[in-house]
Amino acid sequence: MTAFLALGTGGVGTAFAEDTPTAVNADQDGNPIPQAPDDADAVVNVPAHPDGCPPDPTVSITKVKSTFVGDKSEWVSGQSGVTLSLSVAKGHTWTGTISYAAKLSESIIVSSAEETISGSISYAKTTTVTLGGAWKVPANQKDGWLALGSKGYSFNWERGSYNGGCKWIVSNHGTAKLPALSPYIAHS
């Protein structure tokens with residue numbers, strides 16, 4: 001602290017000055033005074049976060065497995081020793097399956113799967129030729145099946161977005177099983 005001597009008509013006195021100046025926008029006790037934001041600093045319903053969390057809804061895909069995606073209408077089964085057969089005409093179409101907690105556009109899930117897993121994934125596949133096959137259930141197998149479909153993928157999905165605290169908030173979720181390759185006949 002620095003002491004100053006002041007001389008005046010009233011006699012001799014001392015005054016003290018602070019070593020550091022008072023902070024701008026500080027109250028007498030040194031605490032900041034709340035300030036109103038400038039118009040340019042005001043946030044008006046903008047879904048952005050200073051930490052850079054993506055504000056837009058997005059789809060997260062997990063537990064991806066390669067699998068056979070069969071056509072429910074072109075499926076036969078039988079017991080040991082039975083020969084199973086099926087045939088489909090050119091132009092026959094079948095679809096994958098998507099389950100969800102609340103209705104949404106299935107194209108959102110399909111496009112996310114195309115980006116994340118494989119560009120050949122689709123919701124539906126169509127045969128470009130007449131296709132058929134036969135298979136005898138082996139004697140060492142109690143029963144079996146034969147089905148048209150294609151190789152594809154099964155996976156879990158979540159649709160959600162990040163809140164202001166960068167916490168993932170799920171708005172919908174489910175599973176999917178979608179075809180990816182050309183028509184295929186499989187059996188068990």
# chains A, B, ... in the order shown; residues from 1 in each chain; ligands from 1
$ residues_around --residues "region 130-140 of chain A" --least-positions-apart "6" --cutoff "10 Å" --atoms "only C-alpha atoms" --output "list of chain:residue names"
A:Ser77, A:Gly78, A:Gln79, A:Ser80, A:Gly81, A:Val82, A:Thr83, A:Leu84, A:Ser85, A:Leu86, A:Ser87, A:Val88, A:Ala89, A:Lys90, A:Gly91, A:His92, A:Leu146, A:Ala147, A:Leu148, A:Pro183, A:Tyr184, A:Ile185, A:Ala186, A:His187, A:Ser188
$ atom_distance --atom1 "CA of Lys167 (chain A)" --atom2 "CA of Ala102 (chain A)"
21.1 Å
$ residues_around --residues "Pro57 (chain A)" --least-positions-apart "6" --cutoff "7 Å" --atoms "only C-alpha atoms" --output "list in words"
Arg159, Gly160 and Ser161 of chain A
$ residues_around --residues "Asn156 (chain A)" --least-positions-apart "3" --cutoff "8 Å" --atoms "only C-alpha atoms" --output "list in words"
Ile61, Thr62, Lys63, Val64, His173, Gly174, Thr175 and Ala176 of chain A
$ atom_distance --atom1 "CA of Asn172 (chain A)" --atom2 "CA of Lys103 (chain A)"
8.5 Å
$ closest_residue --among "A:Glu106, A:Ser73, A:Trp168, A:Ser182" --to "Val129 (chain A)" --atoms "only C-alpha atoms"
A:Ser182
$ residues_around --residues "region 94-101 of chain A" --least-positions-apart "5" --cutoff "10 Å" --atoms "only C-alpha atoms" --output "number ranges by chain"
A: 69-74, 106, 109-110, 121-127, 148-150, 152-159, 171-180, 183
$ atom_distance --atom1 "CA of Thr128 (chain A)" --atom2 "CA of Ala113 (chain A)"
23.7 Å
$ select_by_dssp --residues "region 113-175 of chain A" --states "strand (DSSP E)" --output "VMD selection string"
chain A and resid 124 to 126 131 to 136 143 to 162 168 to 175
$ write_last_selection --atoms "C-alpha atoms" --output "compact mmCIF listing (two decimals), in the first residue's frame"
# COMPACT_ATOMS: atom_id res chain seq x y z
CA ALA A 124 -36.82 -53.78 -50.75
CA LYS A 125 -35.25 -56.08 -53.33
CA THR A 126 -36.72 -57.34 -56.60
CA LEU A 131 -35.57 -68.04 -59.57
CA GLY A 132 -36.12 -71.41 -57.89
CA GLY A 133 -34.48 -74.12 -55.85
CA ALA A 134 -34.94 -77.39 -53.97
CA TRP A 135 -33.33 -78.88 -50.87
CA LYS A 136 -33.86 -82.14 -48.96
CA ASP A 143 -36.80 -80.21 -39.50
CA GLY A 144 -35.58 -77.43 -41.82
CA TRP A 145 -36.60 -74.58 -44.08
CA LEU A 146 -35.93 -73.20 -47.56
CA ALA A 147 -36.48 -69.52 -48.37
CA LEU A 148 -35.93 -66.80 -50.94
CA GLY A 149 -34.27 -63.63 -49.76
CA SER A 150 -30.87 -62.03 -49.91
CA LYS A 151 -27.81 -61.59 -47.81
CA GLY A 152 -28.10 -58.44 -45.75
CA TYR A 153 -27.62 -57.03 -42.28
CA SER A 154 -29.37 -56.93 -38.94
CA PHE A 155 -28.65 -54.12 -36.50
CA ASN A 156 -29.96 -52.02 -33.62
CA TRP A 157 -30.62 -48.32 -34.21
CA GLU A 158 -31.36 -45.22 -32.15
CA ARG A 159 -32.58 -41.85 -33.37
CA GLY A 160 -31.71 -38.92 -31.15
CA SER A 161 -29.81 -35.70 -30.72
CA TYR A 162 -27.49 -34.00 -28.27
CA TRP A 168 -27.33 -37.99 -26.13
CA ILE A 169 -31.15 -37.98 -25.87
CA VAL A 170 -32.91 -40.92 -27.60
CA SER A 171 -36.22 -40.08 -29.28
CA ASN A 172 -36.81 -43.44 -30.99
CA HIS A 173 -35.13 -46.86 -31.21
CA GLY A 174 -35.56 -50.33 -32.62
CA THR A 175 -34.06 -53.08 -34.72
$ closest_residue --among "A:Gly164, A:Val59, A:Leu181, A:Thr67" --to "Thr116 (chain A)" --atoms "only C-alpha atoms"
A:Val59
$ select_by_dssp --residues "region 48-155 of chain A" --states "helix (DSSP H, G or I)" --output "PyMOL selection string"
chain A and resi 106-116
